[in-house]
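Participant: I am sharing coords-v1.cif, which consists of mmCIF, C-alpha atoms:
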```
data_work
loop_
_atom_site.label_atom_id
_atom_site.label_comp_id
_atom_site.auth_asym_id
_atom_site.auth_seq_id
_atom_site.Cartn_x
_atom_site.Cartn_y
_atom_site.Cartn_z
CA MET L 161 -19.44 3.79 5.91
CA ASP L 162 -21.03 1.76 3.13
CA PHE L 163 -21.55 2.84 -0.46
CA ARG L 164 -23.46 1.32 -3.34
CA PHE L 165 -23.06 2.36 -6.94
CA GLN L 166 -25.18 1.36 -9.90
CA ASN L 167 -24.14 0.87 -13.51
CA LYS L 168 -20.49 1.89 -13.40
CA ARG L 169 -17.44 0.04 -14.66
CA ILE L 170 -13.70 0.12 -15.05
CA SER L 171 -12.95 -0.05 -18.77
CA GLY L 172 -9.15 0.05 -18.76
CA ILE L 173 -6.07 0.05 -16.52
CA LEU L 174 -2.57 1.09 -17.55
CA THR L 175 0.31 0.91 -15.07
CA ILE L 176 3.42 2.98 -15.73
CA LEU L 177 6.64 1.90 -13.99
CA PRO L 178 10.09 3.50 -13.88
CA GLN L 179 12.69 1.67 -15.97
CA GLN L 180 15.30 1.78 -13.22
CA VAL L 181 15.53 -1.51 -11.29
CA ILE L 182 17.31 -1.48 -7.91
CA THR L 183 17.96 -4.78 -6.13
CA PHE L 184 17.85 -5.39 -2.39
CA GLU L 185 21.46 -6.60 -2.50
CA GLU L 186 22.67 -3.30 -3.93
CA GLU L 187 21.22 -1.46 -0.93
CA MET L 188 22.13 -3.86 1.87
CA ALA L 189 25.41 -2.11 2.67
CA ASN L 190 23.51 1.07 3.57
CA TYR L 191 21.72 -0.65 6.43
CA ASN L 192 23.00 -0.93 9.96
CA PHE L 193 22.25 -4.67 9.89
CA SER L 194 24.49 -7.72 9.33
CA PRO L 195 24.32 -9.47 5.94
CA ILE L 196 22.73 -12.53 7.61
CA LYS L 197 20.03 -10.40 9.19
CA CYS L 198 19.48 -8.63 5.87
CA GLN L 199 18.90 -12.00 4.20
CA LYS L 200 16.35 -12.92 6.88
CA LEU L 201 14.59 -9.61 6.34
CA LYS L 202 14.58 -10.21 2.60
CA MET L 203 13.02 -13.67 2.97
CA ALA L 204 10.39 -12.61 5.50
CA MET L 205 9.21 -9.49 3.71
CA GLY L 206 9.63 -10.70 0.15
CA TYR L 207 12.21 -8.13 -0.95
CA LYS L 208 13.97 -8.66 -4.27
CA GLU L 209 13.97 -5.63 -6.51
CA HIS L 210 12.05 -2.41 -6.87
CA ARG L 211 11.47 0.32 -9.43
CA ILE L 212 12.78 3.75 -8.62
CA ALA L 213 12.24 6.96 -10.61
CA GLN L 214 15.21 8.84 -12.04
CA LYS L 215 16.22 11.99 -10.19
CA GLY L 216 13.93 14.83 -11.24
CA GLN L 217 11.05 12.66 -12.45
CA THR L 218 7.77 13.45 -10.69
CA SER L 219 4.43 11.68 -10.38
CA SER L 220 2.91 13.86 -13.10
CA ASP L 221 5.66 12.87 -15.59
CA PHE L 222 4.54 9.24 -15.29
CA CYS L 223 0.87 10.22 -15.71
CA ILE L 224 1.63 12.33 -18.78
CA HIS L 225 3.67 9.54 -20.35
CA GLY L 226 0.84 7.05 -19.77
CA LEU L 227 -1.89 9.36 -21.07
CA GLN L 228 0.16 10.13 -24.19
CA TYR L 229 0.53 6.37 -24.75
CA LEU L 230 -3.26 5.87 -24.49
CA PHE L 231 -3.96 8.78 -26.87
CA ASP L 232 -1.35 7.53 -29.38
CA LYS L 233 -2.75 3.99 -29.33
CA GLY L 234 -6.32 5.24 -29.71
CA LEU L 235 -7.32 3.68 -26.38
CA LEU L 236 -8.58 6.99 -24.99
CA LYS L 237 -9.75 10.18 -26.69
CA PRO L 238 -8.74 13.46 -24.99
CA GLU L 239 -12.13 15.06 -25.63
CA GLU L 240 -13.95 12.23 -23.81
CA ILE L 241 -12.44 13.05 -20.42
CA ASP L 242 -15.03 14.72 -18.19
CA ALA L 243 -13.09 14.41 -14.94
CA LEU L 244 -9.40 14.04 -14.12
CA LEU L 245 -8.60 12.80 -10.62
CA PHE L 246 -5.00 12.87 -9.42
CA VAL L 247 -4.57 10.82 -6.23
CA SER L 248 -1.09 11.26 -4.79
CA GLN L 249 1.08 12.30 -1.87
CA SER L 250 3.76 13.68 -4.16
CA PRO L 251 2.24 16.62 -6.08
CA ASP L 252 4.46 18.80 -8.26
CA TYR L 253 3.60 21.91 -6.21
CA PHE L 254 1.57 22.97 -3.16
CA LEU L 255 -0.31 25.02 -5.71
CA PRO L 256 -1.58 24.72 -8.42
CA PRO L 257 -3.22 21.27 -8.38
CA THR L 258 -1.23 18.73 -10.38
CA SER L 259 -4.42 17.57 -12.14
CA ASN L 260 -4.73 21.09 -13.63
CA ILE L 261 -1.10 20.92 -14.80
CA ILE L 262 -1.81 17.63 -16.56
CA GLN L 263 -5.02 19.04 -18.07
CA GLY L 264 -3.05 22.03 -19.31
CA HIS L 265 -0.28 19.88 -20.76
CA PHE L 266 -2.74 18.14 -23.06
CA GLU L 267 -4.92 21.26 -23.56
CA LEU L 268 -8.00 19.27 -22.56
CA LYS L 269 -11.45 20.86 -22.79
CA HIS L 270 -12.40 23.49 -20.19
CA ASP L 271 -15.78 21.92 -19.52
CA MET L 272 -14.48 19.35 -17.05
CA ILE L 273 -13.41 18.91 -13.42
CA CYS L 274 -9.84 18.38 -12.19
CA LEU L 275 -9.34 17.22 -8.60
CA ASP L 276 -6.23 16.45 -6.57
CA ILE L 277 -6.82 14.03 -3.71
CA ASN L 278 -4.20 13.50 -1.00
CA GLN L 279 -4.41 9.80 -0.21
CA GLY L 280 -1.89 7.02 0.24
CA CYS L 281 -2.29 3.28 0.56
CA ALA L 282 -6.08 3.42 0.06
CA GLY L 283 -5.73 5.85 -2.85
CA PHE L 284 -7.11 3.49 -5.48
CA GLU L 285 -10.29 2.83 -3.50
CA VAL L 286 -10.75 6.49 -2.52
CA GLY L 287 -10.21 7.48 -6.17
CA LEU L 288 -12.71 4.91 -7.41
CA ILE L 289 -15.35 5.97 -4.86
CA GLN L 290 -14.88 9.60 -5.99
CA ALA L 291 -15.06 8.55 -9.66
CA PHE L 292 -18.27 6.57 -9.10
CA MET L 293 -19.87 9.54 -7.30
CA LEU L 294 -18.96 11.90 -10.17
CA LEU L 295 -20.43 9.45 -12.68
CA ASP L 296 -23.84 9.86 -11.02
CA GLN L 297 -23.93 13.27 -12.71
CA PRO L 298 -25.57 13.33 -16.16
CA ALA L 299 -22.77 15.58 -17.49
CA ILE L 300 -20.02 13.10 -16.58
CA ASN L 301 -19.57 9.99 -18.71
CA LYS L 302 -15.88 9.23 -18.38
CA VAL L 303 -13.52 9.74 -15.43
CA VAL L 304 -9.77 9.30 -15.69
CA LEU L 305 -8.36 8.24 -12.34
CA LEU L 306 -4.63 8.85 -11.95
CA ASN L 307 -2.90 7.17 -9.03
CA ALA L 308 0.71 8.26 -8.88
CA ASP L 309 3.47 8.45 -6.31
CA VAL L 310 7.17 9.16 -6.55
CA LEU L 311 8.03 9.06 -2.87
CA SER L 312 11.44 7.37 -3.08
CA PRO L 313 13.30 10.72 -2.79
CA LYS L 314 11.65 11.15 0.63
CA VAL L 315 12.88 7.83 2.01
CA SER L 316 16.27 7.68 3.70
CA ASP L 317 18.78 5.30 2.09
CA GLN L 318 19.68 4.10 5.58
CA ASP L 319 16.15 3.20 6.64
CA ARG L 320 15.66 -0.56 6.33
CA ASN L 321 12.04 -0.15 7.50
CA SER L 322 10.96 1.69 4.38
CA LYS L 323 13.74 1.82 1.79
CA PRO L 324 13.70 -1.83 0.62
CA LEU L 325 9.97 -1.75 -0.02
CA ILE L 326 9.41 1.70 -1.54
CA GLY L 327 8.54 1.86 -5.22
CA ASP L 328 7.57 4.64 -7.60
CA ALA L 329 4.75 4.20 -10.10
CA ALA L 330 1.62 5.60 -11.70
CA ALA L 331 -1.58 4.01 -12.95
CA ILE L 332 -4.37 5.28 -15.16
CA THR L 333 -7.81 3.78 -14.60
CA ILE L 334 -10.69 4.63 -16.92
CA VAL L 335 -14.02 4.64 -15.10
CA GLU L 336 -17.28 5.06 -16.98
CA LYS L 337 -21.00 4.39 -17.04
CA SER L 338 -21.89 0.78 -17.72
CA GLU L 339 -24.47 -0.18 -20.33
CA THR L 340 -25.20 -3.45 -18.56
CA PRO L 341 -26.82 -2.93 -15.16
CA ASN L 342 -24.65 -3.80 -12.16
CA THR L 343 -24.09 -2.94 -8.51
CA ILE L 344 -20.73 -2.13 -6.94
CA PHE L 345 -20.33 -2.44 -3.16
CA ALA L 346 -17.81 -0.30 -1.31
CA ASN L 347 -16.93 0.81 2.19
CA ILE L 348 -14.46 3.13 3.87
CA GLN L 349 -13.31 3.85 7.42
CA MET L 350 -10.96 6.52 8.77
CA ASP L 351 -9.11 7.04 12.06
CA GLY L 352 -7.25 10.32 12.28
CA THR L 353 -6.01 9.54 15.81
CA GLY L 354 -3.47 7.33 14.04
CA ALA L 355 -2.67 9.95 11.40
CA MET L 356 1.03 10.13 12.30
CA ALA L 357 1.68 6.37 12.08
CA LEU L 358 2.94 7.07 8.57
CA ASN L 359 4.20 10.58 7.98
CA ILE L 360 6.84 12.94 6.61
CA PRO L 361 7.47 15.36 9.50
CA ALA L 362 9.05 18.27 7.58
CA GLY L 363 8.29 19.93 4.28
CA GLY L 364 4.77 21.22 4.84
CA PHE L 365 3.69 24.50 6.41
CA ARG L 366 3.82 23.04 9.95
CA MET L 367 7.55 22.34 9.73
CA PRO L 368 9.25 23.80 6.65
CA CYS L 369 12.44 22.14 5.39
CA THR L 370 15.62 23.66 6.81
CA ALA L 371 19.26 22.57 7.20
CA GLU L 372 18.26 21.06 10.58
CA THR L 373 15.40 18.99 9.18
CA ALA L 374 17.83 17.46 6.67
CA GLU L 375 20.15 16.11 9.40
CA LEU L 376 20.20 12.31 9.65
CA LYS L 377 19.61 10.93 13.15
CA GLU L 378 19.74 7.34 14.39
CA ASP L 379 16.62 5.75 15.88
CA ALA L 380 16.44 2.98 18.52
CA ALA L 381 16.57 0.24 15.86
CA GLY L 382 19.66 1.67 14.13
CA ASN L 383 17.95 3.35 11.18
CA PHE L 384 19.15 6.79 10.09
CA ARG L 385 16.45 9.24 9.11
CA ALA L 386 15.99 13.01 8.84
CA LEU L 387 12.83 14.97 9.58
CA ASP L 388 12.57 15.44 5.81
CA ASN L 389 12.17 11.67 5.42
CA LEU L 390 9.15 9.41 5.46
CA VAL L 391 8.77 7.57 8.74
CA MET L 392 6.58 4.54 9.37
CA LYS L 393 5.70 3.09 12.75
CA GLY L 394 5.77 -0.48 11.51
CA ASP L 395 4.31 -2.13 14.61
CA GLU L 396 1.37 0.30 14.76
CA VAL L 397 0.62 -0.21 11.07
CA PHE L 398 0.84 -4.00 11.40
CA ASN L 399 -1.51 -4.10 14.39
CA PHE L 400 -3.94 -1.69 12.72
CA VAL L 401 -4.12 -3.75 9.53
CA GLN L 402 -4.62 -7.07 11.31
CA ARG L 403 -7.31 -5.55 13.54
CA GLU L 404 -9.33 -3.60 10.96
CA VAL L 405 -8.98 -5.25 7.57
CA PRO L 406 -10.46 -8.75 8.19
CA PRO L 407 -13.75 -7.44 9.70
CA MET L 408 -13.99 -4.89 6.88
CA ILE L 409 -13.78 -7.65 4.25
CA GLU L 410 -16.28 -9.84 6.13
CA HIS L 411 -18.65 -6.86 6.23
CA LEU L 412 -18.23 -6.17 2.51
CA MET L 413 -19.07 -9.80 1.71
CA GLU L 414 -22.23 -9.54 3.81
CA GLU L 415 -23.28 -6.35 2.07
CA ALA L 416 -22.68 -7.85 -1.36
CA GLN L 417 -24.24 -11.15 -0.26
CA ILE L 418 -21.41 -13.18 -1.67
CA SER L 419 -19.31 -15.82 0.07
CA LYS L 420 -15.55 -15.39 0.35
CA ASP L 421 -15.05 -18.56 -1.69
CA ASP L 422 -17.00 -17.14 -4.62
CA VAL L 423 -14.66 -14.19 -5.00
CA ASP L 424 -12.04 -14.99 -7.64
CA TYR L 425 -9.34 -12.57 -6.48
CA TYR L 426 -8.48 -10.39 -3.52
CA MET L 427 -6.38 -7.62 -4.99
CA PHE L 428 -5.05 -5.88 -1.90
CA HIS L 429 -2.63 -3.05 -1.30
CA GLN L 430 0.93 -4.41 -1.09
CA PRO L 431 2.77 -3.43 2.10
CA ASN L 432 4.92 -6.58 2.15
CA LYS L 433 4.51 -10.34 1.72
CA PHE L 434 4.53 -11.05 5.46
CA MET L 435 1.60 -8.79 6.24
CA LEU L 436 -0.45 -10.03 3.27
CA HIS L 437 0.03 -13.68 4.19
CA LYS L 438 -1.05 -12.92 7.75
CA LEU L 439 -4.18 -11.24 6.37
CA ALA L 440 -4.91 -14.18 4.07
CA ASP L 441 -4.50 -16.59 7.03
CA LYS L 442 -6.89 -14.57 9.17
CA LEU L 443 -9.47 -14.34 6.41
CA GLU L 444 -8.94 -18.01 5.46
CA ILE L 445 -8.28 -17.07 1.86
CA PRO L 446 -5.83 -19.19 -0.16
CA TYR L 447 -2.61 -17.34 -1.06
CA GLU L 448 -3.29 -17.92 -4.80
CA LYS L 449 -6.35 -15.70 -4.52
CA MET L 450 -4.45 -12.89 -2.81
CA PRO L 451 -1.32 -12.07 -4.82
CA ALA L 452 1.55 -10.75 -2.68
CA ASN L 453 4.28 -10.37 -5.31
CA ILE L 454 4.24 -6.63 -6.07
CA VAL L 455 6.77 -5.53 -3.44
CA GLU L 456 9.31 -8.15 -4.54
CA ASN L 457 9.02 -7.22 -8.22
CA PHE L 458 8.29 -3.49 -8.23
CA GLY L 459 8.07 -2.09 -4.68
CA ASN L 460 5.21 -0.50 -2.78
CA ALA L 461 4.10 2.68 -4.57
CA SER L 462 1.35 3.48 -2.06
CA GLY L 463 -2.02 3.92 -3.81
CA VAL L 464 -0.62 2.58 -7.09
CA THR L 465 -0.07 -0.97 -5.76
CA VAL L 466 -3.63 -2.17 -6.38
CA PRO L 467 -3.77 -1.23 -10.09
CA THR L 468 -0.20 -2.53 -10.49
CA ASN L 469 -1.31 -5.78 -8.85
CA ILE L 470 -4.30 -6.00 -11.23
CA SER L 471 -2.22 -5.23 -14.34
CA TYR L 472 0.58 -7.64 -13.40
CA ASN L 473 -1.37 -10.57 -11.98
CA LEU L 474 -4.69 -10.47 -13.83
CA GLY L 475 -3.52 -9.13 -17.21
CA ASP L 476 -5.63 -10.50 -20.08
CA GLN L 477 -7.86 -12.54 -17.74
CA ILE L 478 -10.03 -9.45 -17.34
CA VAL L 479 -9.62 -8.31 -20.94
CA ASN L 480 -10.96 -11.55 -22.39
CA GLY L 481 -13.15 -12.56 -19.45
CA VAL L 482 -14.84 -11.42 -16.26
CA LYS L 483 -13.67 -11.98 -12.68
CA LYS L 484 -15.26 -11.30 -9.32
CA VAL L 485 -12.75 -9.09 -7.54
CA CYS L 486 -12.40 -7.59 -4.09
CA VAL L 487 -9.93 -4.69 -3.87
CA ALA L 488 -8.73 -3.19 -0.60
CA GLY L 489 -6.35 -0.48 0.56
CA PHE L 490 -5.19 0.37 4.09
CA GLY L 491 -2.60 2.69 5.59
CA VAL L 492 -1.84 6.42 5.61
CA GLY L 493 -4.55 8.42 7.32
CA LEU L 494 -5.30 5.98 8.85
CA THR L 495 -7.67 4.96 6.09
CA TRP L 496 -9.05 1.56 5.16
CA SER L 497 -11.40 0.82 2.31
CA SER L 498 -12.61 -2.08 0.19
CA ILE L 499 -14.68 -2.53 -2.97
CA TYR L 500 -16.34 -5.60 -4.45
CA MET L 501 -17.07 -5.56 -8.18
CA GLU L 502 -16.86 -7.57 -11.35
CA LEU L 503 -13.88 -6.69 -13.48
CA GLY L 504 -14.09 -7.74 -17.10
CA ASN L 505 -14.01 -6.98 -20.78
CA LEU L 506 -11.48 -4.23 -20.22
CA LYS L 507 -10.17 -2.52 -23.32
CA PHE L 508 -6.64 -2.74 -21.90
CA ASN L 509 -4.91 -3.91 -18.74
CA LYS L 510 -1.15 -3.75 -18.97
CA ILE L 511 2.15 -2.36 -17.74
CA ILE L 512 4.49 -0.05 -19.63
CA ASP L 513 7.89 1.30 -18.61
CA PHE L 514 8.93 4.94 -18.62
CA MET M 287 3.39 -21.35 29.18
CA GLU M 288 5.51 -24.04 27.55
CA GLU M 289 3.98 -23.41 24.16
CA LEU M 290 4.62 -19.67 24.33
CA VAL M 291 8.21 -20.22 25.50
CA ALA M 292 8.80 -22.65 22.63
CA LYS M 293 7.52 -20.12 20.13
CA LEU M 294 9.77 -17.41 21.56
CA ALA M 295 12.77 -19.77 21.50
CA GLU M 296 12.13 -20.41 17.82
CA ILE M 297 11.97 -16.68 17.05
CA LEU M 298 15.15 -16.08 19.05
CA GLU M 299 16.82 -19.08 17.35
CA VAL M 300 17.85 -20.90 20.52
CA GLU M 301 17.22 -24.42 21.86
CA SER M 302 16.09 -23.31 25.27
CA LEU M 303 15.20 -19.96 26.73
CA ASP M 304 16.30 -18.45 30.05
CA LEU M 305 13.19 -16.75 31.41
CA SER M 306 15.22 -14.59 33.77
CA LYS M 307 17.01 -12.95 30.85
CA SER M 308 15.71 -9.98 28.87
CA PHE M 309 14.94 -10.15 25.15
CA LYS M 310 17.85 -7.81 24.46
CA GLU M 311 20.36 -10.33 25.77
CA TYR M 312 19.64 -12.60 22.81
CA GLU M 313 21.67 -12.17 19.65
CA ALA M 314 18.66 -12.65 17.35
CA TRP M 315 16.59 -9.96 19.06
CA ASP M 316 16.12 -7.26 16.42
CA SER M 317 13.35 -5.34 14.66
CA LEU M 318 12.36 -8.42 12.66
CA ALA M 319 12.12 -10.56 15.81
CA ILE M 320 9.95 -7.87 17.38
CA LEU M 321 7.60 -8.05 14.40
CA TYR M 322 7.50 -11.85 14.65
CA VAL M 323 6.54 -11.66 18.31
CA ILE M 324 3.85 -9.02 17.66
CA SER M 325 2.46 -11.15 14.84
CA MET M 326 2.54 -14.35 16.89
CA LEU M 327 0.67 -12.62 19.75
CA ASP M 328 -1.95 -11.44 17.28
CA SER M 329 -2.51 -14.72 15.48
CA ASP M 330 -2.02 -17.26 18.30
CA TYR M 331 -3.09 -15.32 21.41
CA HIS M 332 -5.40 -12.62 19.95
CA LYS M 333 -3.44 -10.00 21.81
CA THR M 334 -2.17 -6.69 20.54
CA MET M 335 1.12 -5.27 21.77
CA SER M 336 3.22 -2.39 20.47
CA ALA M 337 6.99 -2.63 19.96
CA ALA M 338 7.49 -0.21 22.85
CA GLU M 339 5.32 -2.25 25.25
CA LEU M 340 7.16 -5.40 24.27
CA GLN M 341 10.54 -3.89 25.06
CA GLN M 342 9.49 -2.64 28.49
CA PHE M 343 9.52 -6.09 30.07
CA GLU M 344 12.60 -6.63 32.22
CA THR M 345 12.59 -10.38 31.69
CA ILE M 346 11.11 -12.80 29.20
CA GLY M 347 9.35 -14.47 32.15
CA ASP M 348 7.54 -11.19 32.94
CA PHE M 349 6.48 -10.94 29.34
CA CYS M 350 5.10 -14.50 29.29
CA LYS M 351 3.14 -13.92 32.50
CA ALA M 352 1.66 -10.72 31.09
CA VAL M 353 0.60 -12.42 27.88
CA LEU M 354 -0.99 -15.40 29.56
CA ASN M 355 -2.75 -13.42 32.31
CA LYS M 356 -3.87 -10.44 30.24
#
```
Turn the structure described in the file into structure tokens.
Facilitator:
Amino acid sequence: MDFRFQNKRISGILTILPQQVITFEEEMANYNFSPIKCQKLKMAMGYKEHRIAQKGQTSSDFCIHGLQYLFDKGLLKPEEIDALLFVSQSPDYFLPPTSNIIQGHFELKHDMICLDINQGCAGFEVGLIQAFMLLDQPAINKVVLLNADVLSPKVSDQDRNSKPLIGDAAAITIVEKSETPNTIFANIQMDGTGAMALNIPAGGFRMPCTAETAELKEDAAGNFRALDNLVMKGDEVFNFVQREVPPMIEHLMEEAQISKDDVDYYMFHQPNKFMLHKLADKLEIPYEKMPANIVENFGNASGVTVPTNISYNLGDQIVNGVKKVCVAGFGVGLTWSSIYMELGNLKFNKIIDF
Amino acid sequence: MEELVAKLAEILEVESLDLSKSFKEYEAWDSLAILYVISMLDSDYHKTMSAAELQQFETIGDFCKAVLNK
């Protein structure tokens, strides 16, 4: 499904990362894999270190810390916020919505909309599409998009599929009406038949957490996981991404009538270096235009990887200048989505620690 | 056939491959090798195979025949 949006822009991105750094080496002993094989895995996937939240810290804590920072620095005024979107798979509670909790924490105005959206790897794109749609309303001038996930507590320490790559993080993206006319091109596709390719079996209403769901069991590849833990069917995800993402990007380029070479950066979701390089090869995009260094430095924090990627790799380039950027997310759902837009003259684009 | 066998030998880190053996009989056969094979099939042969399908072949020879005839 294609979307077009007129006269909207991103005016700031702040990424908030946990202070705690965990290295791949520290965790190797937990895996049922020889040290030599662990080193091969590290090289192939681009594992080095990742940021993990302290016990007890939730997604909303990172959002609140980031918003407070923006208010304190005068980069955002509380009364300007007309919509607060919280895109996450790790809400504080089943109810109430976490976006309402954050609104309440800052005692924001009542005349606004708070929305929680359950989305994963494509969470930045889904959040942006929602923000752009809200901005079509005359009453809405500024949307604060929060992408946040603290999923590390749900990943088994003895799961070398998911543990070395998981990261916790939050990002705040300010989306507003643009004074200079522009067009943003977006698309999204969904396939619920693959919904369980990435899932956490227990903990919802379908299978509540019990003593049994907490029991660790070994899978065919020697990983230990409980039903309470996140499980990823790596081969299914890999095949899905290689099949669906390249045609989606080709289609987006056609819609936007721009050639792949004219795009300055492809800021994609960060599953691991291996998968991103395969995507770049297929799309015939040079690796320099498609950064793949977020997992090795910070980990994969689901929908937060794209803003983290933008803050880390583009930094002041889009504060002091303008770049033609294609963003894309793909995974949980299954959902895949991409957006082409110009990113520039941002008020801020940086990373802070919490 | 030769090209595919050479690629598999490289993934399995051996000089030459015994086509009558199964993947499992090779020391280097692990989850990472499985991913390498899946990826190689996708990029070099435009074929999609799941990890489960890959592991069903009794011999590497059967696997090669299936890939090249599919």
Participant: Evaluated on this file, the PyMOL selection byres ((chain L) within 9 of (chain M)) picks out some residues - which ones are they, written as an MDAnalysis selection string?
Facilitator: chainID L and resid 197 200:201 204 321 381 394:396 398:399 402:403 435 438 441:442
Participant: Print the selection's residues with C-alpha atoms to a file, as a PDB file, keeping the file's coordinate frame.
Facilitator:
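Listed below is the output, selection37.pdb:
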```pdb
ATOM      1  CA  LYS L 197      20.030 -10.400   9.190  1.00  0.00           C
ATOM      2  CA  LYS L 200      16.350 -12.920   6.880  1.00  0.00           C
ATOM      3  CA  LEU L 201      14.590  -9.610   6.340  1.00  0.00           C
ATOM      4  CA  ALA L 204      10.390 -12.610   5.500  1.00  0.00           C
ATOM      5  CA  ASN L 321      12.040  -0.150   7.500  1.00  0.00           C
ATOM      6  CA  ALA L 381      16.570   0.240  15.860  1.00  0.00           C
ATOM      7  CA  GLY L 394       5.770  -0.480  11.510  1.00  0.00           C
ATOM      8  CA  ASP L 395       4.310  -2.130  14.610  1.00  0.00           C
ATOM      9  CA  GLU L 396       1.370   0.300  14.760  1.00  0.00           C
ATOM     10  CA  PHE L 398       0.840  -4.000  11.400  1.00  0.00           C
ATOM     11  CA  ASN L 399      -1.510  -4.100  14.390  1.00  0.00           C
ATOM     12  CA  GLN L 402      -4.620  -7.070  11.310  1.00  0.00           C
ATOM     13  CA  ARG L 403      -7.310  -5.550  13.540  1.00  0.00           C
ATOM     14  CA  MET L 435       1.600  -8.790   6.240  1.00  0.00           C
ATOM     15  CA  LYS L 438      -1.050 -12.920   7.750  1.00  0.00           C
ATOM     16  CA  ASP L 441      -4.500 -16.590   7.030  1.00  0.00           C
ATOM     17  CA  LYS L 442      -6.890 -14.570   9.170  1.00  0.00           C
TER      18      LYS L 442
END
```
Participant: Go through L:Gly481, L:Pro257, L:Gly493, L:Gly463 and flag the residue nearest Leu288 in chain L, using only C-alpha atoms for the distances.
Facilitator: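 Ranking L:Gly481, L:Pro257, L:Gly493, L:Gly463 by distance to Leu288 in chain L, first place goes to L:Gly463.
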Participant: Could you tell me which residues the PyMOL selection byres ((chain L and resi 313) around 9) grabs in this file, written as number ranges by chain?
Facilitator: L: 213, 215, 310-312, 314-316, 389
Participant: Would you export the selected residues with C-alpha atoms as an mmCIF file, in the coordinates of the input, please?
Facilitator:
```
data_model
loop_
_atom_site.group_PDB
_atom_site.id
_atom_site.type_symbol
_atom_site.label_atom_id
_atom_site.label_comp_id
_atom_site.auth_asym_id
_atom_site.auth_seq_id
_atom_site.Cartn_x
_atom_site.Cartn_y
_atom_site.Cartn_z
ATOM 1 C CA ALA L 213 12.240 6.960 -10.610
ATOM 2 C CA LYS L 215 16.220 11.990 -10.190
ATOM 3 C CA VAL L 310 7.170 9.160 -6.550
ATOM 4 C CA LEU L 311 8.030 9.060 -2.870
ATOM 5 C CA SER L 312 11.440 7.370 -3.080
ATOM 6 C CA LYS L 314 11.650 11.150 0.630
ATOM 7 C CA VAL L 315 12.880 7.830 2.010
ATOM 8 C CA SER L 316 16.270 7.680 3.700
ATOM 9 C CA ASN L 389 12.170 11.670 5.420
#
```
Participant: Which residues, written as a PyMOL selection string, have at least one atom at most 10 Å from Glu339 in chain L, with all atoms listed in the file counted and residues fewer than 6 positions away on the same chain left out?
Facilitator: chain L and resi 167-169
Participant: Would you give the centre and edge lengths, in Å to one decimal, of a box along x, y and z around the listed atoms of range 323-328 of chain M, with 5 Å added to each side, as AutoDock Vina command-line options?
Facilitator:
```
--center_x 2.3 --center_y -11.7 --center_z 17.3 --size_x 18.5 --size_y 15.3 --size_z 14.9
```
Participant: List the spatial neighbours of Phe343 in chain M as number ranges by chain - criterion: any atom at most 12 Å away, only C-alpha atoms, same-chain residues fewer than 3 positions off excluded.
Facilitator: M: 305-310, 335, 337-340, 346-353
Participant: Would you write out, as a PyMOL selection string, every residue that the PyMOL selection byres ((chain L and resi 243) around 12) captures in this file?
Facilitator: chain L and resi 238-242+244-246+259-260+262-263+268-276+287+290-295+297+299-306+333-336
Participant: Filtering to C-alpha atoms, could you give me those residues as a compact mmCIF listing (two decimals), in the frame of the given file?
Facilitator:
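Now in result06.txt:
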```
# COMPACT_ATOMS: atom_id res chain seq x y z
CA PRO L 238 -8.74 13.46 -24.99
CA GLU L 239 -12.13 15.06 -25.63
CA GLU L 240 -13.95 12.23 -23.81
CA ILE L 241 -12.44 13.05 -20.42
CA ASP L 242 -15.03 14.72 -18.19
CA LEU L 244 -9.40 14.04 -14.12
CA LEU L 245 -8.60 12.80 -10.62
CA PHE L 246 -5.00 12.87 -9.42
CA SER L 259 -4.42 17.57 -12.14
CA ASN L 260 -4.73 21.09 -13.63
CA ILE L 262 -1.81 17.63 -16.56
CA GLN L 263 -5.02 19.04 -18.07
CA LEU L 268 -8.00 19.27 -22.56
CA LYS L 269 -11.45 20.86 -22.79
CA HIS L 270 -12.40 23.49 -20.19
CA ASP L 271 -15.78 21.92 -19.52
CA MET L 272 -14.48 19.35 -17.05
CA ILE L 273 -13.41 18.91 -13.42
CA CYS L 274 -9.84 18.38 -12.19
CA LEU L 275 -9.34 17.22 -8.60
CA ASP L 276 -6.23 16.45 -6.57
CA GLY L 287 -10.21 7.48 -6.17
CA GLN L 290 -14.88 9.60 -5.99
CA ALA L 291 -15.06 8.55 -9.66
CA PHE L 292 -18.27 6.57 -9.10
CA MET L 293 -19.87 9.54 -7.30
CA LEU L 294 -18.96 11.90 -10.17
CA LEU L 295 -20.43 9.45 -12.68
CA GLN L 297 -23.93 13.27 -12.71
CA ALA L 299 -22.77 15.58 -17.49
CA ILE L 300 -20.02 13.10 -16.58
CA ASN L 301 -19.57 9.99 -18.71
CA LYS L 302 -15.88 9.23 -18.38
CA VAL L 303 -13.52 9.74 -15.43
CA VAL L 304 -9.77 9.30 -15.69
CA LEU L 305 -8.36 8.24 -12.34
CA LEU L 306 -4.63 8.85 -11.95
CA THR L 333 -7.81 3.78 -14.60
CA ILE L 334 -10.69 4.63 -16.92
CA VAL L 335 -14.02 4.64 -15.10
CA GLU L 336 -17.28 5.06 -16.98
```
Participant: Would you mind telling me which residue in M:Glu296, M:Glu344, M:Glu301, M:Glu311 lies nearest to Val323 in chain M when using all atoms listed in the file?
Facilitator: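 Comparing M:Glu296, M:Glu344, M:Glu301, M:Glu311 against Val323 in chain M, the winner is M:Glu296.
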Participant: Can you work out which one of L:Glu448, L:Glu456, L:Glu502, L:Asp421 has the shortest atom-to-atom distance to Lys433 in chain L, counting only C-alpha atoms?
Facilitator: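 Between L:Glu448, L:Glu456, L:Glu502, L:Asp421, the residue approaching Lys433 in chain L most closely is L:Glu456.
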